[in-house]
Amino acid sequence: MQDQAIAVVIGAGTMGGGIAADLANAGWTVHLLDQTVALAEAGKRRVEQSSPPLLYVPELAGRIVPGCAEELSVCAAADWVIEAIAEKLVLKQALLSRLESAVGPETLITSNTSGLSLTEMSKHCGMAFRLRFFGTHFFNPPRYLKLVEVVPTPATSSDMLHEFIAGLEAQTNHRVVVAKDTPGFISTRLWITHLLDTIHTAIEQNIPVEVVDALTGPALGRPRSATFRMADLVGLDIIASIAKNQYESLPDDPLRERLRLPEPLERLIADGRTGQKAGAGFYKRVGREILALDWQTLTYRSRQEENTALGKELVGTILPRFFGYVEAIAGEISDSEEAIDNAMCWGFGWQKGPFAMSRRAPDPPATPALSEYEGALVFELRGKLNVFDPPLCAAVLEAVSQAEARGCPLIFTGQGSCFSAGYNLARLVAAMERGDLEAIEADMKQCQETFLRVKHATIPTVAAIHGYTLGAGCELALHCGRIVASPETALGLPECAVGVIPCGGGVKEALFRFGSAQAAFEAIAFNQNSTSAHDAKKRGWLRESDVIVRNADQLLVEARGAARLPVPKLTGSPAHIGVFVLPASLAGHDRVIAQQLAWVLTGGPTDEAALLERERAAFRVLALEPLSIARMRTLLDTGKPLKN
Ligand code: NAI
């Protein structure tokens, strides 16, 4: 797959639009075709209006060109044509026949089917076409789910397939799992059987739906949507149709009978209670409350998820059965256990796949770790959201000293879903509630000194960031010689939302990066965290010299490469301080905080020491404000920001 290739996506629905957006994110030109130009244009509009956004930045929509699938001439010059029309074998077969005479001699053709046989789909096509044809099963929404199941047929050229996979993984944020051409491939086969087995078991053991969700979500290293919330999201009618297809096409499946719908599920579907889209399913929202289904009456009642004792046998029943099932069918669906685990982790957000789970590998320790990688030292932030506190700052200082003593680069990374969500707010708010200014001053000073030490280290420093890189996490990154960011990065300084201002050198670095006090002020006061790494570059959080990787899994490799580049000059005064008037939109306590922020930016000299001094002085003032304390306490206790 060439860099900046041309793709044609046929079918501008949910998946076609999502895939087109994702290839536009990779810098490709994408022709998005549907039955009429109007339908294709509507598909493009849905992409532009999607929330959460499918594009890294709105401008990338310019790379998507709508067109009509009656006219396939654009396919001749395409590197890749992706079929994403309705899941009907005859329709897909008819389209492939038309494509056969339309594509160029080198064009790859793939189908986004979620479970139809690729061999059957292409059986009427000639050998030259079948060599270049296979399945590419994306997950919805493609930007946010990195799995692509690639499904070759016996006719697919394996050299070409491997070249395609390498290209896709290098140029997009996706990872590939190769699956065999069997019904539901790896992902749908395991997911639907495990889901329905869990539902049957819950009914047999009479376990309330919300208790099942409390037991099968984060408690098992899986998303909060767990079992029934996920089912409502997908749609009970869709689940029924997938289960029926799987039941019919898998006569020898060891858990085949579990694919039959349990009676309560059939009755919900018959009632039109098909999940979230219908307003009711296993759960129903009534006003502000979400009620749960009662198995006996099929009516809704208040939830009682804390009562997990009610479901004590559930996990002990479903997990061993699932592990046994996976073991039994593994060879039929894939060539490797690792691929099966990866499919469940990358496609469904599980922390561990069935093989890793059944082996019960120990969890990694929660202390920061220093390791070596290709001659560089790598410092991995660890712990809950990798938040900063005094021991972590001390460990960072020690890492800088070690890297300097060895004369090698130092790379910072974060374990888990983010780089770092910021400073430990529980610790901070406790000191604020005690009015302990001395403790607050000591923490903030240590934080500032740590990040300053990173900035002025004599060795190259690189922040390899992903996910939340907020507050102190952002400050550490801004003090590194270079930032290497994964595409999905939320970078910014949201401290004002919790009643304070950045105090680890963040205001100072924002002033240097943004070049004017007003721009730095707006970025911090209006909480302009990035929604992607591209957005961070557009907003000015990332410099030209910072790097955005295409595939998050290449972060460390690219960070190591960046550590070899000359360090860009980062110090220097802002172009001008300027004078600005506080926007009238900032009212109430927002205005009090904004005044402090404006004073740090404009209230005196702009050398590093003076700026840091002012950050701490303003922080001390805000730390004693009851409204600031209320903001921080509310966020910690409820997870929601308080506007006061
Ligand atoms: P959809 O119903 O949202 O979109 C299908 C689009 O194809 C429609 O815009 C329709 O007008 C167009 N279309 C139908 N026949 C056509 C033809 N002959 N030529 C050109 N356009 C045509 O469907 P969705 O959900 O996007 O699914 C598309 C494919 O992706 C299906 O094979 C589905 O099984 C698969 N899939 C769907 C997932 C999902 O979550 N929705 C996930 C993974 C795969």
# chains A, B, ... in the order shown; residues from 1 in each chain; ligands from 1
call {"tool": "select_by_dssp", "arguments": {"residues": "region 253-462 of chain A", "states": "alpha helix (DSSP H)", "output": "JSON, numbers by chain"}}
result
{"A": [263, 264, 265, 266, 267, 268, 269, 270, 314, 315, 316, 317, 318, 319, 320, 321, 322, 323, 324, 325, 326, 327, 328, 329, 330, 331, 332, 333, 337, 338, 339, 340, 341, 342, 343, 344, 345, 346, 347, 348, 354, 355, 356, 357, 358, 359, 390, 391, 392, 393, 394, 395, 396, 397, 398, 399, 400, 401, 402, 403, 404, 405, 406, 425, 426, 427, 428, 429, 430, 431, 432, 433, 434, 437, 438, 439, 440, 441, 442, 443, 444, 445, 446, 447, 448, 449, 450, 451, 452, 453, 454, 455]}
call {"tool": "residues_around", "arguments": {"residues": "Asn140 (chain A)", "least_positions_apart": "2", "cutoff": "9 Å", "atoms": "only C-alpha atoms", "output": "ChimeraX atom specification"}}
result
/A:14-15,18,138,142-145
call {"tool": "residues_around", "arguments": {"residues": "region 153-158 of chain A", "least_positions_apart": "4", "cutoff": "9 Å", "atoms": "only C-alpha atoms", "output": "PyMOL selection string"}}
result
chain A and resi 117-119+122+127+130-135+162-163+180-181
call {"tool": "residues_near_ligand", "arguments": {"ligand": "ligand 1", "cutoff": "9 Å", "atoms": "only C-alpha atoms and all ligand atoms", "output": "MDAnalysis selection string"}}
result
chainID A and resid 10:18 33:36 39:40 42:43 68:70 83:89 91:92 94:95 111:116 136:142 234
call {"tool": "write_last_selection", "arguments": {"atoms": "C-alpha atoms", "output": "PDB file, in the first residue's frame"}}
result
ATOM      1  CA  ILE A  10     -18.459   1.549  -1.936  1.00  0.00           C
ATOM      2  CA  GLY A  11     -21.432   1.967   0.410  1.00  0.00           C
ATOM      3  CA  ALA A  12     -21.590   5.287   2.265  1.00  0.00           C
ATOM      4  CA  GLY A  13     -23.421   3.952   5.332  1.00  0.00           C
ATOM      5  CA  THR A  14     -22.185   3.561   8.908  1.00  0.00           C
ATOM      6  CA  MET A  15     -19.148   1.499   8.023  1.00  0.00           C
ATOM      7  CA  GLY A  16     -18.318   2.911   4.587  1.00  0.00           C
ATOM      8  CA  GLY A  17     -18.366   6.455   5.981  1.00  0.00           C
ATOM      9  CA  GLY A  18     -16.278   5.447   8.993  1.00  0.00           C
ATOM     10  CA  LEU A  33     -19.632   5.872  -3.574  1.00  0.00           C
ATOM     11  CA  ASP A  34     -23.244   4.918  -2.956  1.00  0.00           C
ATOM     12  CA  GLN A  35     -26.265   4.081  -5.096  1.00  0.00           C
ATOM     13  CA  THR A  36     -26.674   7.775  -5.936  1.00  0.00           C
ATOM     14  CA  LEU A  39     -26.690   9.176  -0.849  1.00  0.00           C
ATOM     15  CA  ALA A  40     -22.899   9.426  -0.997  1.00  0.00           C
ATOM     16  CA  ALA A  42     -25.355  12.344   2.781  1.00  0.00           C
ATOM     17  CA  GLY A  43     -22.838   9.733   3.962  1.00  0.00           C
ATOM     18  CA  CYS A  68     -22.172   7.275  -7.672  1.00  0.00           C
ATOM     19  CA  ALA A  69     -21.541   3.525  -7.678  1.00  0.00           C
ATOM     20  CA  GLU A  70     -23.328   3.143 -11.027  1.00  0.00           C
ATOM     21  CA  GLU A  83     -16.926  -2.945  -0.515  1.00  0.00           C
ATOM     22  CA  ALA A  84     -19.111  -1.857   2.444  1.00  0.00           C
ATOM     23  CA  ILE A  85     -22.657  -2.266   1.076  1.00  0.00           C
ATOM     24  CA  ALA A  86     -25.524  -4.096   2.791  1.00  0.00           C
ATOM     25  CA  GLU A  87     -24.801  -7.566   4.236  1.00  0.00           C
ATOM     26  CA  LYS A  88     -26.452  -9.551   1.407  1.00  0.00           C
ATOM     27  CA  LEU A  89     -24.470 -12.197  -0.430  1.00  0.00           C
ATOM     28  CA  LEU A  91     -25.727  -7.926  -3.732  1.00  0.00           C
ATOM     29  CA  LYS A  92     -22.071  -8.287  -2.863  1.00  0.00           C
ATOM     30  CA  ALA A  94     -23.179  -8.665  -8.157  1.00  0.00           C
ATOM     31  CA  LEU A  95     -20.965  -5.756  -7.155  1.00  0.00           C
ATOM     32  CA  SER A 111     -15.080  -6.740   1.505  1.00  0.00           C
ATOM     33  CA  ASN A 112     -16.094  -5.388   4.908  1.00  0.00           C
ATOM     34  CA  THR A 113     -18.551  -8.225   5.501  1.00  0.00           C
ATOM     35  CA  SER A 114     -18.988  -9.070   9.160  1.00  0.00           C
ATOM     36  CA  GLY A 115     -19.459 -12.759   8.586  1.00  0.00           C
ATOM     37  CA  LEU A 116     -20.306 -13.858   5.034  1.00  0.00           C
ATOM     38  CA  THR A 136     -11.161  -6.553   5.760  1.00  0.00           C
ATOM     39  CA  HIS A 137     -13.541  -6.502   8.720  1.00  0.00           C
ATOM     40  CA  PHE A 138     -13.408  -3.108  10.447  1.00  0.00           C
ATOM     41  CA  PHE A 139     -15.164  -2.376  13.738  1.00  0.00           C
ATOM     42  CA  ASN A 140     -17.558   0.436  14.445  1.00  0.00           C
ATOM     43  CA  PRO A 141     -16.496   3.232  14.779  1.00  0.00           C
ATOM     44  CA  PRO A 142     -13.292   2.567  12.812  1.00  0.00           C
ATOM     45  CA  VAL A 234     -25.714  -3.058  19.549  1.00  0.00           C
TER      46      VAL A 234
END
call {"tool": "residues_around", "arguments": {"residues": "Trp28 (chain A)", "least_positions_apart": "4", "cutoff": "10 Å", "atoms": "only C-alpha atoms", "output": "count of residues only"}}
result
15
call {"tool": "select_by_dssp", "arguments": {"residues": "region 228-293 of chain A", "states": "strand (DSSP E or B)", "output": "PDB file with N, CA and C atoms, in the first residue's frame"}}
result
ATOM      1  N   GLY A 275     -33.571  -2.278  22.445  1.00  0.00           N
ATOM      2  CA  GLY A 275     -32.347  -1.685  22.998  1.00  0.00           C
ATOM      3  C   GLY A 275     -32.375  -0.178  22.950  1.00  0.00           C
ATOM      4  N   ALA A 280     -35.849   1.231  24.974  1.00  0.00           N
ATOM      5  CA  ALA A 280     -35.969   0.193  26.001  1.00  0.00           C
ATOM      6  C   ALA A 280     -35.399  -1.118  25.474  1.00  0.00           C
ATOM      7  N   TYR A 283     -32.399  -2.417  29.611  1.00  0.00           N
ATOM      8  CA  TYR A 283     -32.544  -1.250  30.478  1.00  0.00           C
ATOM      9  C   TYR A 283     -33.542  -0.297  29.833  1.00  0.00           C
ATOM     10  N   LYS A 284     -34.070   0.601  30.661  1.00  0.00           N
ATOM     11  CA  LYS A 284     -34.968   1.619  30.125  1.00  0.00           C
ATOM     12  C   LYS A 284     -34.739   2.906  30.908  1.00  0.00           C
ATOM     13  N   ARG A 285     -34.550   3.987  30.161  1.00  0.00           N
ATOM     14  CA  ARG A 285     -34.390   5.272  30.841  1.00  0.00           C
ATOM     15  C   ARG A 285     -35.771   5.872  31.082  1.00  0.00           C
ATOM     16  N   VAL A 286     -36.043   6.235  32.337  1.00  0.00           N
ATOM     17  CA  VAL A 286     -37.306   6.916  32.664  1.00  0.00           C
ATOM     18  C   VAL A 286     -36.925   8.202  33.380  1.00  0.00           C
ATOM     19  N   GLU A 289     -33.633   8.484  35.541  1.00  0.00           N
ATOM     20  CA  GLU A 289     -33.232   7.189  36.099  1.00  0.00           C
ATOM     21  C   GLU A 289     -33.146   6.111  35.016  1.00  0.00           C
ATOM     22  N   ILE A 290     -32.167   5.237  35.180  1.00  0.00           N
ATOM     23  CA  ILE A 290     -32.106   4.090  34.263  1.00  0.00           C
ATOM     24  C   ILE A 290     -32.578   2.865  35.036  1.00  0.00           C
ATOM     25  N   LEU A 291     -33.665   2.284  34.559  1.00  0.00           N
ATOM     26  CA  LEU A 291     -34.241   1.119  35.242  1.00  0.00           C
ATOM     27  C   LEU A 291     -33.756  -0.169  34.577  1.00  0.00           C
ATOM     28  N   ALA A 292     -33.841  -1.277  35.324  1.00  0.00           N
ATOM     29  CA  ALA A 292     -33.374  -2.565  34.785  1.00  0.00           C
ATOM     30  C   ALA A 292     -34.552  -3.522  34.624  1.00  0.00           C
ATOM     31  N   LEU A 293     -34.397  -4.440  33.688  1.00  0.00           N
ATOM     32  CA  LEU A 293     -35.465  -5.410  33.389  1.00  0.00           C
ATOM     33  C   LEU A 293     -35.586  -6.442  34.521  1.00  0.00           C
TER      34      LEU A 293
END
call {"tool": "residues_around", "arguments": {"residues": "Leu377 (chain A)", "least_positions_apart": "3", "cutoff": "6 Å", "atoms": "only C-alpha atoms", "output": "list of chain:residue names"}}
result
A:Ser371, A:Glu372, A:Leu410
call {"tool": "closest_residue", "arguments": {"among": "A:Arg427, A:Arg543, A:Arg303, A:Arg482", "to": "Ala439 (chain A)", "atoms": "only C-alpha atoms"}}
result
A:Arg427
call {"tool": "atom_distance", "arguments": {"atom1": "CA of Ala395 (chain A)", "atom2": "CA of Arg560 (chain A)"}}
result
20.8 Å
call {"tool": "closest_residue", "arguments": {"among": "A:Ala510, A:Phe451, A:Pro494, A:Val621", "to": "Ala525 (chain A)", "atoms": "only C-alpha atoms"}}
result
A:Pro494
call {"tool": "closest_residue", "arguments": {"among": "A:Leu259, A:Val581, A:Ala519, A:Ile192", "to": "Thr227 (chain A)", "atoms": "only C-alpha atoms"}}
result
A:Ile192
call {"tool": "atom_distance", "arguments": {"atom1": "CA of Gln448 (chain A)", "atom2": "CA of Ala394 (chain A)"}}
result
11.8 Å
call {"tool": "decode", "arguments": {"residues": "region 231-261 of chain A", "atoms": "N, CA and C atoms", "output": "compact mmCIF listing (two decimals), in the first residue's frame"}}
result
# COMPACT_ATOMS: atom_id res chain seq x y z
N ALA A 231 -25.36 -5.13 24.84
CA ALA A 231 -26.42 -5.71 24.00
C ALA A 231 -27.42 -4.62 23.60
N ASP A 232 -27.81 -3.77 24.55
CA ASP A 232 -28.73 -2.67 24.23
C ASP A 232 -28.13 -1.72 23.20
N LEU A 233 -26.83 -1.47 23.32
CA LEU A 233 -26.16 -0.56 22.38
C LEU A 233 -26.14 -1.14 20.97
N VAL A 234 -25.80 -2.42 20.87
CA VAL A 234 -25.71 -3.06 19.55
C VAL A 234 -27.11 -3.16 18.93
N GLY A 235 -28.11 -3.43 19.75
CA GLY A 235 -29.48 -3.63 19.24
C GLY A 235 -29.83 -5.11 19.36
N LEU A 236 -30.95 -5.41 20.04
CA LEU A 236 -31.29 -6.81 20.27
C LEU A 236 -31.69 -7.51 18.97
N ASP A 237 -32.26 -6.75 18.02
CA ASP A 237 -32.62 -7.34 16.74
C ASP A 237 -31.37 -7.73 15.94
N ILE A 238 -30.34 -6.88 16.04
CA ILE A 238 -29.07 -7.19 15.34
C ILE A 238 -28.45 -8.44 15.95
N ILE A 239 -28.48 -8.51 17.28
CA ILE A 239 -27.92 -9.68 17.97
C ILE A 239 -28.67 -10.94 17.52
N ALA A 240 -30.00 -10.82 17.43
CA ALA A 240 -30.80 -11.99 17.02
C ALA A 240 -30.43 -12.43 15.61
N SER A 241 -30.20 -11.45 14.74
CA SER A 241 -29.90 -11.83 13.36
C SER A 241 -28.50 -12.44 13.24
N ILE A 242 -27.53 -11.91 13.99
CA ILE A 242 -26.19 -12.52 13.96
C ILE A 242 -26.26 -13.94 14.53
N ALA A 243 -26.98 -14.09 15.65
CA ALA A 243 -27.06 -15.41 16.29
C ALA A 243 -27.71 -16.43 15.34
N LYS A 244 -28.75 -15.98 14.63
CA LYS A 244 -29.45 -16.89 13.71
C LYS A 244 -28.51 -17.33 12.58
N ASN A 245 -27.78 -16.34 12.00
CA ASN A 245 -26.82 -16.68 10.93
C ASN A 245 -25.79 -17.67 11.43
N GLN A 246 -25.27 -17.42 12.61
CA GLN A 246 -24.23 -18.30 13.15
C GLN A 246 -24.81 -19.69 13.40
N TYR A 247 -26.01 -19.73 13.95
CA TYR A 247 -26.65 -21.02 14.25
C TYR A 247 -26.80 -21.84 12.96
N GLU A 248 -27.28 -21.16 11.91
CA GLU A 248 -27.53 -21.88 10.65
C GLU A 248 -26.25 -22.33 9.96
N SER A 249 -25.21 -21.54 10.10
CA SER A 249 -24.00 -21.91 9.34
C SER A 249 -22.99 -22.73 10.14
N LEU A 250 -23.28 -23.02 11.41
CA LEU A 250 -22.32 -23.78 12.22
C LEU A 250 -22.98 -25.03 12.83
N PRO A 251 -23.30 -26.05 11.99
CA PRO A 251 -24.03 -27.21 12.52
C PRO A 251 -23.26 -27.97 13.60
N ASP A 252 -21.92 -27.88 13.59
CA ASP A 252 -21.17 -28.68 14.56
C ASP A 252 -20.59 -27.86 15.70
N ASP A 253 -21.04 -26.64 15.85
CA ASP A 253 -20.45 -25.80 16.89
C ASP A 253 -20.73 -26.39 18.28
N PRO A 254 -19.71 -26.48 19.16
CA PRO A 254 -19.93 -27.11 20.46
C PRO A 254 -20.94 -26.37 21.35
N LEU A 255 -21.13 -25.06 21.13
CA LEU A 255 -22.14 -24.35 21.94
C LEU A 255 -23.32 -23.89 21.07
N ARG A 256 -23.58 -24.64 20.02
CA ARG A 256 -24.59 -24.20 19.06
C ARG A 256 -25.93 -23.90 19.72
N GLU A 257 -26.36 -24.75 20.64
CA GLU A 257 -27.70 -24.57 21.22
C GLU A 257 -27.79 -23.27 22.02
N ARG A 258 -26.64 -22.77 22.49
CA ARG A 258 -26.66 -21.51 23.23
C ARG A 258 -26.93 -20.33 22.28
N LEU A 259 -26.83 -20.56 20.97
CA LEU A 259 -27.11 -19.48 20.01
C LEU A 259 -28.61 -19.28 19.79
N ARG A 260 -29.42 -20.20 20.30
CA ARG A 260 -30.88 -19.98 20.24
C ARG A 260 -31.23 -18.90 21.25
N LEU A 261 -32.14 -18.01 20.86
CA LEU A 261 -32.46 -16.90 21.76
C LEU A 261 -33.25 -17.38 22.97
